[in-house]
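Below is the file run06.cif, which contains mmCIF, C-alpha atoms.
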```cif
data_input
#
loop_
_atom_site.label_atom_id
_atom_site.label_comp_id
_atom_site.auth_asym_id
_atom_site.auth_seq_id
_atom_site.Cartn_x
_atom_site.Cartn_y
_atom_site.Cartn_z
CA MET A 1 -40.50 -16.64 -8.91
CA PRO A 2 -39.03 -16.80 -12.43
CA ASN A 3 -35.66 -18.49 -12.47
CA THR A 4 -33.90 -16.25 -14.98
CA VAL A 5 -33.15 -12.55 -14.85
CA THR A 6 -34.50 -11.04 -18.07
CA ILE A 7 -33.74 -7.56 -19.34
CA ASP A 8 -37.09 -6.39 -17.94
CA TRP A 9 -35.61 -6.63 -14.45
CA TYR A 10 -32.83 -4.25 -15.39
CA ILE A 11 -35.29 -1.88 -17.07
CA ALA A 12 -37.40 -1.86 -13.88
CA LEU A 13 -34.38 -1.20 -11.64
CA SER A 14 -33.15 1.53 -13.97
CA ALA A 15 -36.62 3.14 -14.02
CA ILE A 16 -36.79 3.13 -10.20
CA LEU A 17 -33.34 4.68 -9.86
CA PHE A 18 -34.17 7.30 -12.50
CA THR A 19 -37.40 8.21 -10.70
CA ILE A 20 -35.56 8.60 -7.39
CA GLY A 21 -33.06 10.88 -9.13
CA ALA A 22 -35.84 12.96 -10.68
CA LEU A 23 -37.55 13.20 -7.27
CA GLY A 24 -34.26 14.40 -5.80
CA VAL A 25 -34.07 17.21 -8.36
CA LEU A 26 -37.66 18.22 -7.68
CA LEU A 27 -37.75 17.87 -3.90
CA ARG A 28 -34.41 19.00 -2.56
CA ARG A 29 -33.37 22.64 -2.35
CA ASN A 30 -29.66 22.04 -1.81
CA ILE A 31 -27.83 22.51 -5.09
CA LEU A 32 -25.22 19.86 -4.17
CA ILE A 33 -27.92 17.22 -3.65
CA LEU A 34 -29.44 18.31 -6.97
CA PHE A 35 -26.15 17.54 -8.69
CA MET A 36 -25.93 14.16 -6.97
CA SER A 37 -29.45 13.36 -8.18
CA VAL A 38 -28.45 14.22 -11.75
CA GLU A 39 -25.52 11.81 -11.39
CA LEU A 40 -27.96 9.14 -10.18
CA MET A 41 -30.11 9.62 -13.29
CA LEU A 42 -27.08 9.41 -15.60
CA ASN A 43 -26.06 6.27 -13.76
CA SER A 44 -29.44 4.61 -14.25
CA ALA A 45 -29.21 5.30 -17.99
CA ASN A 46 -25.70 3.79 -18.01
CA LEU A 47 -27.00 0.64 -16.34
CA LEU A 48 -29.60 0.26 -19.08
CA PHE A 49 -26.98 0.81 -21.81
CA VAL A 50 -24.79 -1.97 -20.39
CA ALA A 51 -27.76 -4.30 -19.87
CA PHE A 52 -28.91 -3.90 -23.48
CA ALA A 53 -25.34 -4.32 -24.74
CA ARG A 54 -25.15 -7.61 -22.84
CA TYR A 55 -28.52 -8.92 -23.98
CA ARG A 56 -28.02 -7.96 -27.62
CA GLY A 57 -24.42 -9.20 -27.72
CA VAL A 58 -22.86 -5.92 -28.93
CA LEU A 59 -20.10 -3.74 -27.51
CA ASP A 60 -21.39 -0.34 -28.62
CA GLY A 61 -23.45 0.18 -25.47
CA GLN A 62 -20.33 0.03 -23.34
CA VAL A 63 -18.59 2.61 -25.55
CA LEU A 64 -21.57 4.93 -25.04
CA VAL A 65 -21.33 4.44 -21.27
CA PHE A 66 -17.67 5.43 -21.53
CA PHE A 67 -18.69 8.70 -23.22
CA VAL A 68 -21.46 9.34 -20.69
CA ILE A 69 -19.01 8.92 -17.80
CA THR A 70 -16.59 11.37 -19.46
CA VAL A 71 -19.30 13.97 -20.00
CA ALA A 72 -20.55 13.48 -16.43
CA ALA A 73 -17.06 14.06 -15.07
CA ALA A 74 -16.69 17.28 -17.08
CA GLU A 75 -20.17 18.41 -16.03
CA VAL A 76 -19.47 17.83 -12.33
CA ALA A 77 -16.15 19.69 -12.51
CA VAL A 78 -17.72 22.76 -14.14
CA GLY A 79 -20.87 22.55 -12.01
CA LEU A 80 -19.00 22.39 -8.72
CA ALA A 81 -16.76 25.30 -9.80
CA LEU A 82 -19.95 27.28 -10.50
CA ILE A 83 -21.38 26.33 -7.09
CA VAL A 84 -18.21 27.53 -5.36
CA ALA A 85 -18.30 30.78 -7.37
CA ILE A 86 -21.98 31.33 -6.44
CA PHE A 87 -21.30 30.50 -2.79
CA ARG A 88 -18.67 33.27 -2.64
CA THR A 89 -21.26 35.92 -3.42
CA LYS A 90 -24.47 34.45 -1.95
CA HIS A 91 -23.07 32.40 0.98
CA SER A 92 -25.72 29.77 0.40
CA THR A 93 -26.22 26.52 -1.48
CA ASN A 94 -30.01 26.79 -1.36
CA ILE A 95 -31.41 27.23 -4.85
CA ASP A 96 -34.21 29.46 -3.50
CA ASP A 97 -31.56 32.06 -2.59
CA ILE A 98 -30.15 32.14 -6.13
CA ASN A 99 -32.68 34.57 -7.61
CA LEU A 100 -30.65 37.54 -8.81
CA LEU A 101 -32.25 37.37 -12.26
CA LYS A 102 -35.75 37.60 -10.77
CA GLY A 103 -37.49 40.87 -11.75
CA MET B 1 -25.72 -15.48 -15.24
CA ILE B 2 -26.98 -13.79 -12.10
CA HIS B 3 -29.40 -15.60 -9.81
CA PRO B 4 -32.74 -13.81 -9.29
CA ILE B 5 -32.30 -13.71 -5.51
CA THR B 6 -28.85 -12.13 -5.89
CA PHE B 7 -30.34 -9.62 -8.30
CA ILE B 8 -33.12 -8.71 -5.88
CA ILE B 9 -30.70 -8.24 -2.96
CA LEU B 10 -28.36 -6.06 -5.04
CA ALA B 11 -31.25 -4.07 -6.47
CA ALA B 12 -32.63 -3.52 -2.96
CA VAL B 13 -29.25 -2.21 -1.81
CA ALA B 14 -29.04 0.10 -4.84
CA VAL B 15 -32.56 1.49 -4.32
CA ALA B 16 -32.03 1.85 -0.56
CA ALA B 17 -28.78 3.75 -1.16
CA ALA B 18 -30.52 6.03 -3.68
CA LEU B 19 -33.35 6.69 -1.20
CA GLY B 20 -30.77 7.35 1.53
CA MET B 21 -29.12 9.91 -0.72
CA LEU B 22 -32.49 11.54 -1.39
CA LEU B 23 -33.66 11.66 2.22
CA SER B 24 -30.57 12.24 4.38
CA ARG B 25 -30.19 15.75 5.79
CA ASN B 26 -26.41 15.76 5.95
CA ALA B 27 -24.92 16.33 2.50
CA ILE B 28 -21.89 14.21 3.40
CA TYR B 29 -24.12 11.22 4.15
CA SER B 30 -25.80 11.82 0.79
CA ALA B 31 -22.43 11.64 -0.96
CA LEU B 32 -21.52 8.43 0.90
CA TYR B 33 -24.88 6.84 0.04
CA LEU B 34 -24.12 7.79 -3.57
CA VAL B 35 -20.83 5.85 -3.34
CA LEU B 36 -22.75 2.79 -2.13
CA ASN B 37 -25.16 3.11 -5.04
CA PHE B 38 -22.31 3.45 -7.55
CA MET B 39 -20.57 0.39 -6.07
CA THR B 40 -23.75 -1.69 -6.40
CA VAL B 41 -24.19 -0.60 -10.00
CA ALA B 42 -20.53 -1.54 -10.61
CA VAL B 43 -21.36 -5.07 -9.40
CA PHE B 44 -24.21 -5.13 -11.92
CA TYR B 45 -21.73 -4.12 -14.63
CA LEU B 46 -19.47 -7.03 -13.65
CA VAL B 47 -22.44 -9.41 -13.85
CA LEU B 48 -23.35 -7.95 -17.24
CA ASN B 49 -19.94 -8.83 -18.68
CA ALA B 50 -18.57 -5.27 -18.60
CA PRO B 51 -15.49 -5.48 -16.36
CA PHE B 52 -13.77 -2.40 -17.80
CA ILE B 53 -16.86 -0.22 -17.34
CA ALA B 54 -17.19 -1.55 -13.79
CA MET B 55 -13.66 -0.49 -12.93
CA VAL B 56 -14.12 2.91 -14.62
CA GLN B 57 -17.33 3.32 -12.64
CA ILE B 58 -15.47 2.76 -9.37
CA THR B 59 -12.42 4.90 -10.16
CA VAL B 60 -14.14 7.79 -11.95
CA TYR B 61 -17.57 7.92 -10.31
CA ALA B 62 -17.04 6.52 -6.82
CA GLY B 63 -13.48 7.79 -6.71
CA ALA B 64 -13.03 11.10 -8.51
CA ILE B 65 -16.54 12.54 -8.78
CA VAL B 66 -17.77 11.78 -5.26
CA VAL B 67 -14.44 12.88 -3.74
CA LEU B 68 -14.88 16.17 -5.63
CA PHE B 69 -18.38 16.44 -4.13
CA LEU B 70 -17.02 15.78 -0.64
CA PHE B 71 -14.26 18.37 -1.13
CA VAL B 72 -16.79 21.03 -2.15
CA ILE B 73 -19.20 20.14 0.67
CA MET B 74 -16.42 20.42 3.25
CA LEU B 75 -14.90 23.52 1.63
CA LEU B 76 -18.22 25.35 1.77
CA GLY B 77 -19.15 23.92 5.17
CA ALA B 78 -22.51 23.11 3.65
CA GLU B 79 -23.12 19.70 5.21
CA ARG B 80 -25.96 20.75 7.51
CA LEU B 81 -28.89 21.68 5.34
CA ARG B 82 -32.63 21.48 5.27
CA GLY B 83 -33.81 17.99 4.41
CA VAL B 84 -37.04 16.66 2.98
CA GLY B 85 -38.68 16.33 6.40
CA ASP B 86 -38.02 19.88 7.64
CA ALA B 87 -40.52 22.67 8.03
CA VAL B 88 -41.73 23.91 4.67
CA ARG B 89 -42.67 27.34 3.42
CA GLY B 90 -46.12 28.04 2.03
CA GLY B 91 -45.47 27.62 -1.68
CA GLU B 92 -43.20 24.68 -1.10
CA ARG B 93 -45.95 22.32 0.05
CA PHE B 94 -47.67 22.63 -3.34
CA HIS B 95 -44.28 22.19 -5.02
CA ARG B 96 -43.66 19.00 -3.04
CA ALA B 97 -47.08 17.50 -3.80
CA ALA B 98 -46.60 18.26 -7.50
CA ALA B 99 -43.20 16.55 -7.43
CA LEU B 100 -44.66 13.41 -5.83
CA ILE B 101 -47.51 13.30 -8.36
CA LEU B 102 -45.01 13.65 -11.21
CA ALA B 103 -42.88 10.85 -9.78
CA ILE B 104 -45.91 8.57 -9.47
CA VAL B 105 -46.90 9.36 -13.08
CA LEU B 106 -43.33 8.66 -14.26
CA ILE B 107 -43.08 5.30 -12.49
CA GLY B 108 -46.61 4.46 -13.69
CA VAL B 109 -45.65 5.09 -17.31
CA PHE B 110 -42.53 2.94 -16.88
CA ALA B 111 -44.59 0.13 -15.32
CA TYR B 112 -47.23 0.39 -18.07
CA LEU B 113 -44.59 0.15 -20.79
CA LEU B 114 -42.94 -2.78 -19.06
CA ILE B 115 -46.13 -4.77 -18.41
CA VAL B 116 -48.45 -3.89 -21.28
CA GLY B 117 -46.06 -2.82 -24.02
CA ASN B 118 -43.37 -5.38 -23.24
CA PRO B 119 -41.18 -4.60 -26.25
CA THR B 120 -38.34 -6.83 -25.07
CA ASP B 121 -40.23 -10.10 -24.87
CA ALA B 122 -38.38 -11.60 -27.82
CA LEU B 123 -34.98 -10.46 -26.61
CA VAL B 124 -33.10 -13.55 -25.48
CA GLN B 125 -29.65 -13.28 -24.03
CA MET B 126 -26.83 -13.62 -26.55
CA PRO B 127 -23.70 -15.61 -25.74
CA PRO B 128 -21.06 -13.46 -24.04
CA ILE B 129 -18.77 -11.50 -26.36
CA ASP B 130 -15.21 -10.25 -25.93
CA THR B 131 -15.48 -7.18 -23.69
CA SER B 132 -11.82 -6.84 -22.74
CA PRO B 133 -10.27 -3.36 -22.64
CA GLN B 134 -8.48 -4.26 -25.90
CA ALA B 135 -11.75 -4.95 -27.72
CA LEU B 136 -13.32 -1.80 -26.26
CA GLY B 137 -10.31 0.28 -27.28
CA ARG B 138 -10.32 -1.13 -30.79
CA LEU B 139 -13.98 -0.14 -31.20
CA LEU B 140 -13.33 3.27 -29.60
CA PHE B 141 -10.50 4.06 -32.03
CA SER B 142 -12.26 2.80 -35.16
CA SER B 143 -16.03 3.38 -35.26
CA TYR B 144 -16.08 5.98 -32.49
CA LEU B 145 -12.90 7.90 -33.28
CA PHE B 146 -14.60 11.25 -33.95
CA PRO B 147 -16.76 11.23 -30.78
CA PHE B 148 -13.62 10.26 -28.86
CA GLU B 149 -11.78 13.33 -30.20
CA VAL B 150 -14.77 15.53 -29.39
CA THR B 151 -14.66 14.18 -25.83
CA GLY B 152 -11.05 15.33 -25.60
CA VAL B 153 -12.04 18.86 -26.67
CA LEU B 154 -14.89 18.79 -24.13
CA LEU B 155 -12.54 17.86 -21.32
CA LEU B 156 -10.13 20.63 -22.36
CA ALA B 157 -13.01 23.14 -22.33
CA ALA B 158 -14.08 21.87 -18.89
CA ILE B 159 -10.56 22.32 -17.51
CA ALA B 160 -10.35 25.85 -18.95
CA GLY B 161 -13.77 26.70 -17.50
CA VAL B 162 -12.90 25.43 -14.04
CA VAL B 163 -9.62 27.38 -14.01
CA ILE B 164 -11.41 30.59 -15.05
CA PHE B 165 -14.14 30.15 -12.41
CA GLY B 166 -11.51 29.45 -9.81
CA GLN B 167 -9.68 32.71 -10.60
CA ALA B 168 -12.76 34.92 -10.88
CA ARG B 169 -12.67 36.24 -7.30
CA LYS B 170 -8.98 37.05 -7.30
CA ARG B 171 -9.15 39.05 -10.51
CA GLY B 172 -12.32 40.85 -9.37
CA ASN B 173 -10.59 41.97 -6.19
CA ARG B 174 -7.66 43.39 -8.09
CA ASP B 175 -9.95 45.32 -10.42
CA ALA B 176 -12.08 46.71 -7.59
#
```

Can you give me the file's structure in the form of structure tokens?
Amino acid sequence: MPNTVTIDWYIALSAILFTIGALGVLLRRNILILFMSVELMLNSANLLFVAFARYRGVLDGQVLVFFVITVAAAEVAVGLALIVAIFRTKHSTNIDDINLLKG
Amino acid sequence: MIHPITFIILAAVAVAAALGMLLSRNAIYSALYLVLNFMTVAVFYLVLNAPFIAMVQITVYAGAIVVLFLFVIMLLGAERLRGVGDAVRGGERFHRAAALILAIVLIGVFAYLLIVGNPTDALVQMPPIDTSPQALGRLLFSSYLFPFEVTGVLLLAAIAGVVIFGQARKRGNRDA
């Protein structure tokens, strides 16, 4: 086993977490789990930002993570308000039931 | 500097929590697994010399965002839902196989880039820099001042949007 943790380790972990998040979006039909999977993907990107900031010795990566967290918070607030509004009319959180625009 | 064994244990916890979120049938368990994953990533941030980001991760992500998720799940009573292992409809089996193939392709491309491409071979770790909240704030209010202001407008728009969505039903009833 190598005795130092290189940035490749963080890239691999981030890639695995991102893939699990993408699988969550593709596999699950519950819109709340879909949102959680999107958060997981954003989080894996954040991890990579911080790792590269550390390994390159710059602070800018951490500032970008700050912005990503802000945007994620805004996105979740609006998204959950939308889910509640949809639930009032459809009484379901299954994305297969949200098909009013279907011809 | 983190020890490889520590890294592997933490990474295993993070991946296991992510898989738990993906596979659990109860949406509340999914949200709690997500908290575990966020906490583990916060530990990675601490190791990577980003203490402020680690604390923001815990307060904003594990605190505010997941609590919002739990509120909505309990408000809608939507915790019991069909999971990955439940009976599938006809078209869904094809959908599921396609998703798994796409995931395998995605992880394969990542692995190929990491092993064959290896663009980060020459990247050695720099000595730690000042990552205190003061240093972060100084950078935020100098080089990144305009994006910071835009973020403020975005948050204002998000608040306005949430308030309008929250009122939609009440106003509709009065009109009808």

query: Taking all atoms listed in the file into account, which of A:Val25, A:Ile11, A:Ala74, A:Val5 comes nearest Ala103 in chain B?
result: A:Val25

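Comparing A:Ala12, A:Ala22, A:Ile86, A:Ala81 by their smallest distance to Leu34 in chain A, the closest is A:Ala22 (using all atoms listed in the file).
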
- request: With a distance threshold of 6 Å and counting only C-alpha atoms, extract the residues of chain B near chain A and express them as an MDAnalysis selection string.
  value: chainID B and resid 4 22 48 99 125:126 155 158 162

- request: Have a look at CA of Val72 in chain B and CA of Val13 in chain B and let me know their distance in Å, one decimal.
  value: 26.4 Å

- prompt: For the file shown, what are the residues hit by the PyMOL selection byres ((chain B and resi 35) around 9), laid out as a ChimeraX atom specification?
  reply: /B:17,30-34,36-40,58,61-63,66
